[in-house]
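Enquirer: So here's model-v2.cif (mmCIF, C-alpha atoms).
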```cif
data_query
loop_
_atom_site.group_PDB
_atom_site.id
_atom_site.type_symbol
_atom_site.label_atom_id
_atom_site.label_comp_id
_atom_site.auth_asym_id
_atom_site.auth_seq_id
_atom_site.Cartn_x
_atom_site.Cartn_y
_atom_site.Cartn_z
ATOM 1 C CA MET A 1 0.000 0.000 0.000
ATOM 2 C CA ARG A 2 2.877 2.389 0.847
ATOM 3 C CA ARG A 3 4.096 2.110 -2.735
ATOM 4 C CA LEU A 4 0.802 3.577 -3.909
ATOM 5 C CA TYR A 5 0.999 6.755 -1.809
ATOM 6 C CA PHE A 6 3.201 8.588 -4.305
ATOM 7 C CA LEU A 7 0.952 7.638 -7.240
ATOM 8 C CA ILE A 8 -2.155 8.657 -5.268
ATOM 9 C CA ALA A 9 -0.548 12.009 -4.391
ATOM 10 C CA VAL A 10 0.247 12.665 -8.078
ATOM 11 C CA ALA A 11 -3.299 11.638 -9.076
ATOM 12 C CA LEU A 12 -4.710 14.035 -6.465
ATOM 13 C CA LEU A 13 -2.535 16.820 -7.844
ATOM 14 C CA TYR A 14 -3.950 16.194 -11.333
ATOM 15 C CA PHE A 15 -7.476 16.054 -9.940
ATOM 16 C CA ILE A 16 -7.098 19.404 -8.152
ATOM 17 C CA LEU A 17 -5.571 21.027 -11.231
ATOM 18 C CA TYR A 18 -8.367 19.625 -13.382
ATOM 19 C CA LEU A 19 -11.075 20.859 -11.009
ATOM 20 C CA THR A 20 -9.579 24.352 -10.981
ATOM 21 C CA GLY A 21 -9.687 24.378 -14.763
ATOM 22 C CA ASN A 22 -5.917 24.486 -15.110
ATOM 23 C CA ARG A 23 -4.707 23.440 -18.566
ATOM 24 C CA LEU A 24 -1.607 21.918 -16.993
ATOM 25 C CA ALA A 25 -3.615 18.832 -16.074
ATOM 26 C CA ILE A 26 -4.605 18.082 -19.681
ATOM 27 C CA LEU A 27 -1.190 18.966 -21.143
ATOM 28 C CA GLY A 28 0.654 16.959 -18.477
ATOM 29 C CA PHE A 29 -1.664 13.988 -18.889
ATOM 30 C CA GLU A 30 -1.233 13.937 -22.663
ATOM 31 C CA PHE A 31 2.525 14.167 -22.350
ATOM 32 C CA SER A 32 2.575 11.343 -19.773
ATOM 33 C CA LEU A 33 0.504 9.103 -22.042
ATOM 34 C CA ARG A 34 3.015 9.684 -24.831
ATOM 35 C CA ILE A 35 5.839 8.565 -22.516
ATOM 36 C CA LEU A 36 3.894 5.459 -21.480
ATOM 37 C CA ALA A 37 3.171 4.616 -25.124
ATOM 38 C CA ARG A 38 6.867 4.963 -25.918
ATOM 39 C CA ILE A 39 8.065 2.632 -23.148
ATOM 40 C CA GLY A 40 5.087 0.258 -23.003
ATOM 41 C CA GLY A 41 6.263 -2.258 -25.599
ATOM 42 C CA VAL A 42 9.721 -2.551 -24.124
ATOM 43 C CA PHE A 43 8.250 -3.807 -20.861
ATOM 44 C CA ILE A 44 7.436 -7.164 -22.459
ATOM 45 C CA LEU A 45 11.169 -7.619 -23.111
ATOM 46 C CA VAL A 46 12.018 -6.352 -19.632
ATOM 47 C CA PHE A 47 9.609 -8.868 -18.119
ATOM 48 C CA LEU A 48 11.127 -11.766 -20.089
ATOM 49 C CA PHE A 49 14.707 -10.819 -19.192
ATOM 50 C CA MET A 50 13.803 -10.394 -15.531
ATOM 51 C CA PHE A 51 12.123 -13.785 -15.530
ATOM 52 C CA PHE A 52 15.190 -15.539 -16.989
ATOM 53 C CA VAL A 53 17.548 -13.838 -14.542
ATOM 54 C CA ASN A 54 15.269 -14.714 -11.623
ATOM 55 C CA TYR A 55 15.069 -18.294 -12.842
ATOM 56 C CA LEU A 56 18.819 -18.751 -13.152
ATOM 57 C CA VAL A 57 20.308 -16.564 -10.422
ATOM 58 C CA THR A 58 19.834 -16.771 -6.671
ATOM 59 C CA PRO A 59 22.013 -15.500 -3.786
ATOM 60 C CA LYS A 60 22.947 -19.156 -3.182
ATOM 61 C CA VAL A 61 24.393 -19.531 -6.707
ATOM 62 C CA ILE A 62 26.372 -16.277 -6.444
ATOM 63 C CA ASN A 63 27.623 -17.233 -2.991
ATOM 64 C CA ARG A 64 28.889 -20.575 -4.311
ATOM 65 C CA TYR A 65 30.947 -18.999 -7.091
ATOM 66 C CA LEU A 66 32.147 -15.864 -5.309
ATOM 67 C CA ALA A 67 33.224 -17.566 -2.096
ATOM 68 C CA ARG A 68 35.032 -20.475 -3.733
ATOM 69 C CA SER A 69 36.861 -18.754 -6.582
ATOM 70 C CA ALA A 70 40.199 -16.937 -6.453
ATOM 71 C CA GLY A 71 42.355 -14.467 -8.411
ATOM 72 C CA ILE A 72 41.051 -13.164 -11.720
ATOM 73 C CA LYS A 73 38.215 -15.676 -11.609
ATOM 74 C CA ARG A 74 36.928 -14.076 -8.411
ATOM 75 C CA TRP A 75 36.955 -10.640 -10.054
ATOM 76 C CA LEU A 76 35.011 -12.092 -12.967
ATOM 77 C CA PHE A 77 32.460 -13.621 -10.629
ATOM 78 C CA ALA A 78 32.191 -10.345 -8.702
ATOM 79 C CA ILE A 79 31.452 -8.507 -11.966
ATOM 80 C CA LEU A 80 29.121 -11.131 -13.426
ATOM 81 C CA GLY A 81 27.447 -11.805 -10.100
ATOM 82 C CA GLY A 82 26.769 -8.111 -9.591
ATOM 83 C CA ILE A 83 25.386 -7.720 -13.105
ATOM 84 C CA ILE A 84 22.995 -10.654 -12.914
ATOM 85 C CA SER A 85 21.907 -10.181 -9.315
ATOM 86 C CA THR A 86 18.400 -8.783 -9.081
ATOM 87 C CA GLY A 87 16.090 -7.562 -6.364
ATOM 88 C CA PRO A 88 16.590 -4.974 -3.651
ATOM 89 C CA LEU A 89 19.999 -4.515 -2.033
ATOM 90 C CA TYR A 90 18.841 -5.570 1.422
ATOM 91 C CA LEU A 91 18.135 -9.079 0.108
ATOM 92 C CA TRP A 92 21.807 -9.474 -0.835
ATOM 93 C CA LEU A 93 23.424 -7.899 2.206
ATOM 94 C CA PRO A 94 23.163 -10.983 4.462
ATOM 95 C CA MET A 95 24.844 -13.083 1.734
ATOM 96 C CA LEU A 96 27.590 -10.465 1.293
ATOM 97 C CA LYS A 97 28.155 -10.324 5.039
ATOM 98 C CA GLY A 98 28.413 -14.116 5.003
ATOM 99 C CA ILE A 99 31.049 -14.261 2.254
ATOM 100 C CA LYS A 100 32.926 -11.408 3.919
ATOM 101 C CA GLU A 101 33.138 -13.540 7.036
ATOM 102 C CA GLN A 102 34.391 -16.404 4.861
ATOM 103 C CA GLY A 103 37.322 -14.204 3.822
ATOM 104 C CA VAL A 104 36.160 -12.546 0.601
ATOM 105 C CA SER A 105 37.748 -9.094 0.593
ATOM 106 C CA ASP A 106 35.963 -5.740 0.681
ATOM 107 C CA GLY A 107 37.225 -4.985 -2.826
ATOM 108 C CA PHE A 108 35.300 -7.875 -4.374
ATOM 109 C CA ILE A 109 32.191 -6.969 -2.427
ATOM 110 C CA ALA A 110 32.483 -3.335 -3.564
ATOM 111 C CA ALA A 111 32.946 -4.478 -7.192
ATOM 112 C CA PHE A 112 29.942 -6.780 -6.849
ATOM 113 C CA LEU A 113 27.804 -3.950 -5.482
ATOM 114 C CA TYR A 114 28.960 -1.506 -8.173
ATOM 115 C CA ASN A 115 28.066 -3.953 -10.931
ATOM 116 C CA ARG A 116 24.567 -4.308 -9.517
ATOM 117 C CA ALA A 117 24.033 -0.957 -11.221
ATOM 118 C CA ILE A 118 24.110 -2.756 -14.578
ATOM 119 C CA LYS A 119 20.711 -4.329 -15.141
ATOM 120 C CA PRO A 120 20.617 -6.669 -18.164
ATOM 121 C CA ALA A 121 16.841 -6.961 -17.936
ATOM 122 C CA LEU A 122 16.476 -3.197 -18.268
ATOM 123 C CA LEU A 123 18.912 -2.765 -21.159
ATOM 124 C CA PRO A 124 16.090 -2.619 -23.764
ATOM 125 C CA LEU A 125 14.713 0.474 -22.019
ATOM 126 C CA LEU A 126 18.174 2.051 -21.802
ATOM 127 C CA ILE A 127 18.703 1.351 -25.527
ATOM 128 C CA LEU A 128 15.272 2.799 -26.339
ATOM 129 C CA TYR A 129 16.131 6.092 -24.640
ATOM 130 C CA PHE A 130 19.867 6.415 -25.259
ATOM 131 C CA GLY A 131 20.787 4.142 -28.166
ATOM 132 C CA LEU A 132 22.825 0.959 -28.479
ATOM 133 C CA LYS A 133 26.231 2.646 -28.800
ATOM 134 C CA TYR A 134 25.727 4.642 -25.619
ATOM 135 C CA THR A 135 24.438 1.592 -23.734
ATOM 136 C CA ILE A 136 27.477 -0.503 -24.704
ATOM 137 C CA LEU A 137 29.902 2.301 -23.801
ATOM 138 C CA LEU A 138 28.229 3.057 -20.481
ATOM 139 C CA THR A 139 28.158 -0.619 -19.518
ATOM 140 C CA GLY A 140 31.828 -1.099 -20.452
ATOM 141 C CA THR A 141 32.921 2.036 -18.603
ATOM 142 C CA MET A 142 30.981 1.007 -15.505
ATOM 143 C CA ILE A 143 32.554 -2.459 -15.502
ATOM 144 C CA PHE A 144 36.006 -0.863 -15.792
ATOM 145 C CA PHE A 145 35.303 1.530 -12.916
ATOM 146 C CA SER A 146 33.848 -1.293 -10.812
ATOM 147 C CA ILE A 147 37.295 -2.896 -10.868
ATOM 148 C CA MET A 148 38.840 0.463 -9.958
ATOM 149 C CA ILE A 149 36.520 0.884 -6.978
ATOM 150 C CA GLY A 150 37.238 -2.725 -6.020
ATOM 151 C CA LEU A 151 40.987 -2.177 -6.113
ATOM 152 C CA ILE A 152 40.720 1.018 -4.077
ATOM 153 C CA MET A 153 38.484 -0.602 -1.474
ATOM 154 C CA GLU A 154 40.805 -3.602 -1.427
ATOM 155 C CA ASN A 155 43.618 -1.370 -0.229
ATOM 156 C CA VAL A 156 41.645 0.525 2.391
ATOM 157 C CA LYS A 157 41.828 -0.964 5.843
ATOM 158 C CA PHE A 158 38.525 -1.141 7.666
ATOM 159 C CA THR A 159 38.983 -2.824 11.002
ATOM 160 C CA LYS A 160 41.531 -2.470 13.756
ATOM 161 C CA SER A 161 42.617 -6.059 13.289
ATOM 162 C CA LYS A 162 43.599 -5.348 9.714
ATOM 163 C CA THR A 163 45.587 -2.192 10.396
ATOM 164 C CA MET B 164 10.026 -21.764 -12.689
ATOM 165 C CA LYS B 165 6.831 -20.858 -10.828
ATOM 166 C CA ARG B 166 8.942 -19.142 -8.144
ATOM 167 C CA ALA B 167 10.847 -17.133 -10.752
ATOM 168 C CA LEU B 168 7.600 -16.121 -12.439
ATOM 169 C CA SER B 169 5.957 -14.975 -9.215
ATOM 170 C CA LYS B 170 9.161 -13.146 -8.195
ATOM 171 C CA THR B 171 9.228 -11.335 -11.553
ATOM 172 C CA VAL B 172 5.562 -10.356 -11.278
ATOM 173 C CA ARG B 173 6.177 -9.099 -7.726
ATOM 174 C CA GLN B 174 9.200 -7.071 -8.881
ATOM 175 C CA ILE B 175 7.277 -5.521 -11.771
ATOM 176 C CA LEU B 176 4.289 -4.719 -9.554
ATOM 177 C CA SER B 177 6.567 -3.208 -6.933
ATOM 178 C CA PHE B 178 8.007 -0.580 -9.248
ATOM 179 C CA LEU B 179 4.983 0.125 -11.462
ATOM 180 C CA PRO B 180 3.126 2.484 -9.067
ATOM 181 C CA MET B 181 6.290 4.561 -8.569
ATOM 182 C CA LEU B 182 7.014 4.520 -12.313
ATOM 183 C CA PHE B 183 3.488 5.681 -13.169
ATOM 184 C CA GLY B 184 3.718 8.359 -10.491
ATOM 185 C CA VAL B 185 7.021 9.633 -11.855
ATOM 186 C CA VAL B 186 5.811 9.550 -15.477
ATOM 187 C CA PHE B 187 2.724 11.602 -14.615
ATOM 188 C CA LEU B 188 4.823 14.012 -12.563
ATOM 189 C CA ILE B 189 7.215 14.402 -15.515
ATOM 190 C CA GLY B 190 4.155 15.220 -17.616
ATOM 191 C CA LEU B 191 3.242 18.035 -15.245
ATOM 192 C CA PHE B 192 6.795 19.395 -15.098
ATOM 193 C CA GLN B 193 6.990 19.227 -18.876
ATOM 194 C CA ALA B 194 3.846 21.334 -19.126
ATOM 195 C CA LEU B 195 4.949 23.683 -16.347
ATOM 196 C CA LEU B 196 8.643 24.260 -17.014
ATOM 197 C CA PRO B 197 9.893 25.438 -20.387
ATOM 198 C CA ARG B 198 13.092 23.992 -21.877
ATOM 199 C CA SER B 199 14.908 27.192 -20.968
ATOM 200 C CA VAL B 200 14.746 26.291 -17.262
ATOM 201 C CA TYR B 201 16.598 23.011 -17.786
ATOM 202 C CA ILE B 202 19.087 24.693 -20.082
ATOM 203 C CA ALA B 203 19.687 27.445 -17.503
ATOM 204 C CA VAL B 204 20.522 24.883 -14.794
ATOM 205 C CA PHE B 205 22.578 22.526 -16.954
ATOM 206 C CA ARG B 206 24.868 24.748 -18.981
ATOM 207 C CA LYS B 207 26.739 22.089 -20.961
ATOM 208 C CA GLN B 208 29.812 22.353 -18.741
ATOM 209 C CA PRO B 209 30.880 18.711 -18.341
ATOM 210 C CA VAL B 210 32.256 18.832 -14.790
ATOM 211 C CA ILE B 211 29.597 21.055 -13.227
ATOM 212 C CA ASP B 212 26.786 19.318 -15.107
ATOM 213 C CA SER B 213 28.012 15.891 -14.046
ATOM 214 C CA ILE B 214 28.335 17.000 -10.400
ATOM 215 C CA LEU B 215 24.770 18.344 -10.499
ATOM 216 C CA GLY B 216 23.561 15.135 -12.146
ATOM 217 C CA SER B 217 25.376 12.998 -9.574
ATOM 218 C CA LEU B 218 23.979 14.986 -6.659
ATOM 219 C CA LEU B 219 20.452 14.587 -7.966
ATOM 220 C CA GLY B 220 20.961 10.867 -8.662
ATOM 221 C CA SER B 221 22.436 10.301 -5.196
ATOM 222 C CA ILE B 222 19.524 11.877 -3.374
ATOM 223 C CA LEU B 223 16.776 10.212 -5.380
ATOM 224 C CA ALA B 224 16.195 6.508 -4.985
ATOM 225 C CA GLY B 225 14.115 3.787 -6.519
ATOM 226 C CA ASN B 226 14.114 1.266 -9.313
ATOM 227 C CA PRO B 227 16.533 2.065 -12.179
ATOM 228 C CA VAL B 228 13.578 1.977 -14.596
ATOM 229 C CA THR B 229 12.435 5.258 -13.071
ATOM 230 C CA SER B 230 15.877 6.811 -13.542
ATOM 231 C CA TYR B 231 16.005 5.755 -17.225
ATOM 232 C CA VAL B 232 12.639 7.356 -17.921
ATOM 233 C CA LEU B 233 13.544 10.496 -15.945
ATOM 234 C CA GLY B 234 16.996 10.702 -17.550
ATOM 235 C CA GLY B 235 15.573 10.168 -21.035
ATOM 236 C CA GLU B 236 13.037 12.927 -20.540
ATOM 237 C CA PHE B 237 15.719 15.260 -19.096
ATOM 238 C CA LEU B 238 17.735 14.648 -22.252
ATOM 239 C CA ARG B 239 14.738 15.515 -24.431
ATOM 240 C CA GLN B 240 14.438 18.785 -22.497
ATOM 241 C CA GLY B 241 17.960 19.765 -23.419
ATOM 242 C CA VAL B 242 19.892 18.610 -20.348
ATOM 243 C CA SER B 243 23.416 17.577 -21.343
ATOM 244 C CA LEU B 244 24.203 13.894 -21.830
ATOM 245 C CA VAL B 245 27.040 14.069 -19.296
ATOM 246 C CA ALA B 246 24.645 15.310 -16.589
ATOM 247 C CA VAL B 247 22.065 12.670 -17.466
ATOM 248 C CA THR B 248 24.722 9.927 -17.426
ATOM 249 C CA ALA B 249 26.025 11.039 -14.020
ATOM 250 C CA PHE B 250 22.432 11.081 -12.801
ATOM 251 C CA LEU B 251 21.767 7.524 -14.072
ATOM 252 C CA VAL B 252 25.000 6.137 -12.614
ATOM 253 C CA ALA B 253 24.642 7.850 -9.218
ATOM 254 C CA TRP B 254 21.024 6.708 -8.970
ATOM 255 C CA VAL B 255 22.140 3.074 -8.976
ATOM 256 C CA THR B 256 25.590 3.246 -7.368
ATOM 257 C CA VAL B 257 25.027 5.689 -4.520
ATOM 258 C CA GLY B 258 22.441 4.763 -1.926
ATOM 259 C CA VAL B 259 22.044 7.509 0.651
ATOM 260 C CA VAL B 260 18.719 6.049 1.773
ATOM 261 C CA GLN B 261 20.140 2.518 2.040
ATOM 262 C CA LEU B 262 23.329 3.629 3.761
ATOM 263 C CA PRO B 263 22.256 2.653 7.318
ATOM 264 C CA VAL B 264 21.320 -0.899 6.272
ATOM 265 C CA GLU B 265 24.524 -1.313 4.269
ATOM 266 C CA ALA B 266 26.517 -0.031 7.243
ATOM 267 C CA MET B 267 24.787 -2.464 9.559
ATOM 268 C CA TYR B 268 25.796 -5.478 7.465
ATOM 269 C CA LEU B 269 29.127 -4.463 5.958
ATOM 270 C CA GLY B 270 30.449 -1.879 8.408
ATOM 271 C CA ARG B 271 30.068 1.890 8.628
ATOM 272 C CA ARG B 272 33.408 2.780 7.062
ATOM 273 C CA PHE B 273 32.872 0.358 4.201
ATOM 274 C CA ALA B 274 29.419 1.769 3.451
ATOM 275 C CA LEU B 275 30.546 5.401 3.705
ATOM 276 C CA LEU B 276 33.645 4.937 1.554
ATOM 277 C CA ARG B 277 31.857 2.819 -1.045
ATOM 278 C CA ASN B 278 29.145 5.432 -1.432
ATOM 279 C CA LEU B 279 31.668 8.264 -1.513
ATOM 280 C CA PHE B 280 33.652 6.537 -4.275
ATOM 281 C CA GLY B 281 30.363 5.679 -5.977
ATOM 282 C CA PHE B 282 29.550 9.385 -6.087
ATOM 283 C CA LEU B 283 32.999 10.416 -7.376
ATOM 284 C CA PHE B 284 33.050 7.618 -9.934
ATOM 285 C CA SER B 285 29.598 8.527 -11.244
ATOM 286 C CA ILE B 286 31.125 11.851 -12.335
ATOM 287 C CA LEU B 287 34.121 10.106 -13.912
ATOM 288 C CA VAL B 288 32.004 7.430 -15.607
ATOM 289 C CA ALA B 289 29.776 10.132 -17.096
ATOM 290 C CA ILE B 290 32.697 12.181 -18.441
ATOM 291 C CA VAL B 291 34.513 9.117 -19.845
ATOM 292 C CA THR B 292 31.373 7.624 -21.431
ATOM 293 C CA VAL B 293 30.376 10.853 -23.145
ATOM 294 C CA PHE B 294 33.965 11.465 -24.259
ATOM 295 C CA LEU B 295 34.205 7.964 -25.757
ATOM 296 C CA LEU B 296 30.843 8.423 -27.428
ATOM 297 C CA SER B 297 32.075 11.625 -29.040
ATOM 298 C CA LEU B 298 34.985 9.692 -30.558
ATOM 299 C CA LEU B 299 32.697 7.191 -32.307
#
```
The structure given in the file should be rewritten as structure tokens.
Expert:
Amino acid sequence: MRRLYFLIAVALLYFILYLTGNRLAILGFEFSLRILARIGGVFILVFLFMFFVNYLVTPKVINRYLARSAGIKRWLFAILGGIISTGPLYLWLPMLKGIKEQGVSDGFIAAFLYNRAIKPALLPLLILYFGLKYTILLTGTMIFFSIMIGLIMENVKFTKSKT
Amino acid sequence: MKRALSKTVRQILSFLPMLFGVVFLIGLFQALLPRSVYIAVFRKQPVIDSILGSLLGSILAGNPVTSYVLGGEFLRQGVSLVAVTAFLVAWVTVGVVQLPVEAMYLGRRFALLRNLFGFLFSILVAIVTVFLLSLL
């Protein structure tokens, strides 16, 4: 229900504007419908991609690969795991805390978290708005910087026992 | 398979109300604010624009779908690509709202530093991406 509050507030705003005879309500509504028409079709693709990712990837699977790999392989799993992990962050935090306790370094966890910003299921929408070239470049740059943030975090000491 | 399907439906349903709300709010802003307002704020100066975009993306939170739609509409209004890119990247890499939960699980210093670097890197990612795009 809480998720609906924002939508209800916006609907009320439109209703008030409409009742007061303000043209903004009609203009805004028409413009919004055009946006929805533009993105509507892409949502079928988004749904399919999300379904496949949800079917194949669970925190358990990521945990298995990230905790047991080493070296470059671990970086690859951190990147791939972050990219294919879905759902809200708080669902993944217990798993990340667990692998941290198993000895996975902060750098890998930071890289994993940074790559969560890349959402394969939502790429069709990103392409629709910004184009394929931009999407490829942005994704590549973000992967590169995820390793950078990982390396930096790897070299920062966090606890007294490490310093 | 049934679990994945119900999870996907739940995920879609969880962000749809917010997405609809944002789309209809964009509609109002579009009708209310002329292009000149956006152009006055974002003056096509890569560093300043990307900092502004990052700040906005860091404060706002929600599903990335919302940020794509917002960013795409900002771009249509004349906001620079570097600002929009910084906004998109900060939206998903910096989590001011989620900071306390992240700190609880992974440590306060980890969460603070990761978000700080996330903010700085969103500016860098935006500048590098737009620069590379200009080369192609």
Enquirer: Would you mind reading off the distance between CA of Met50 in chain A and CA of Arg173 in chain B, one decimal, in Å?
Expert: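 Those two atoms sit 11.0 Å apart.
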Enquirer: Nearest to Gln261 in chain B: which of A:Ala9, A:Val46, A:Leu91, A:Ile79 is it, counting only C-alpha atoms?
Expert: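 Residue with the minimum atom-to-atom distance to Gln261 in chain B: A:Leu91.
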Enquirer: Up to 8 Å from chain B, what residues of chain A turn up? Count only C-alpha atoms and give them as a ChimeraX atom specification.
Expert: /A:3-4,6-8,10-11,24-25,27-32,35-36,47,50-52,54-55,87,90,93-94,96-97,106,110,113-114,116-117,122,125-126,129-130,133-134,137-138,141-142,145,149,153,158
Enquirer: As an exercise, work out the distance from CA of Tyr14 in chain A to CA of Ser221 in chain B in Å and give it to one decimal place.
Expert: 27.7 Å
Enquirer: Go ahead and compute the interatomic distance for CA of Phe77 in chain A and CA of Asn63 in chain A, in Å to one decimal.
Expert: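 That distance, rounded to one decimal, is 9.7 Å.
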Enquirer: Name the residues in contact with Tyr65 in chain A at a cut-off of 9 Å, using only C-alpha atoms, excluding same-chain residues fewer than 6 positions from it; report them as a list in words.
Expert: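 With the cut-off at 9 Å, the set is Arg74, Phe77, Ala78 and Gly81 of chain A.
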Enquirer: Please enumerate the residues selected by the PyMOL selection byres ((chain B and resi 246) around 7) when evaluated against the supplied file, formatted as a list in words.
Expert: Asp212, Ser213, Leu215, Gly216, Val242, Ser243, Leu244, Val245, Val247, Thr248, Ala249 and Phe250 of chain B
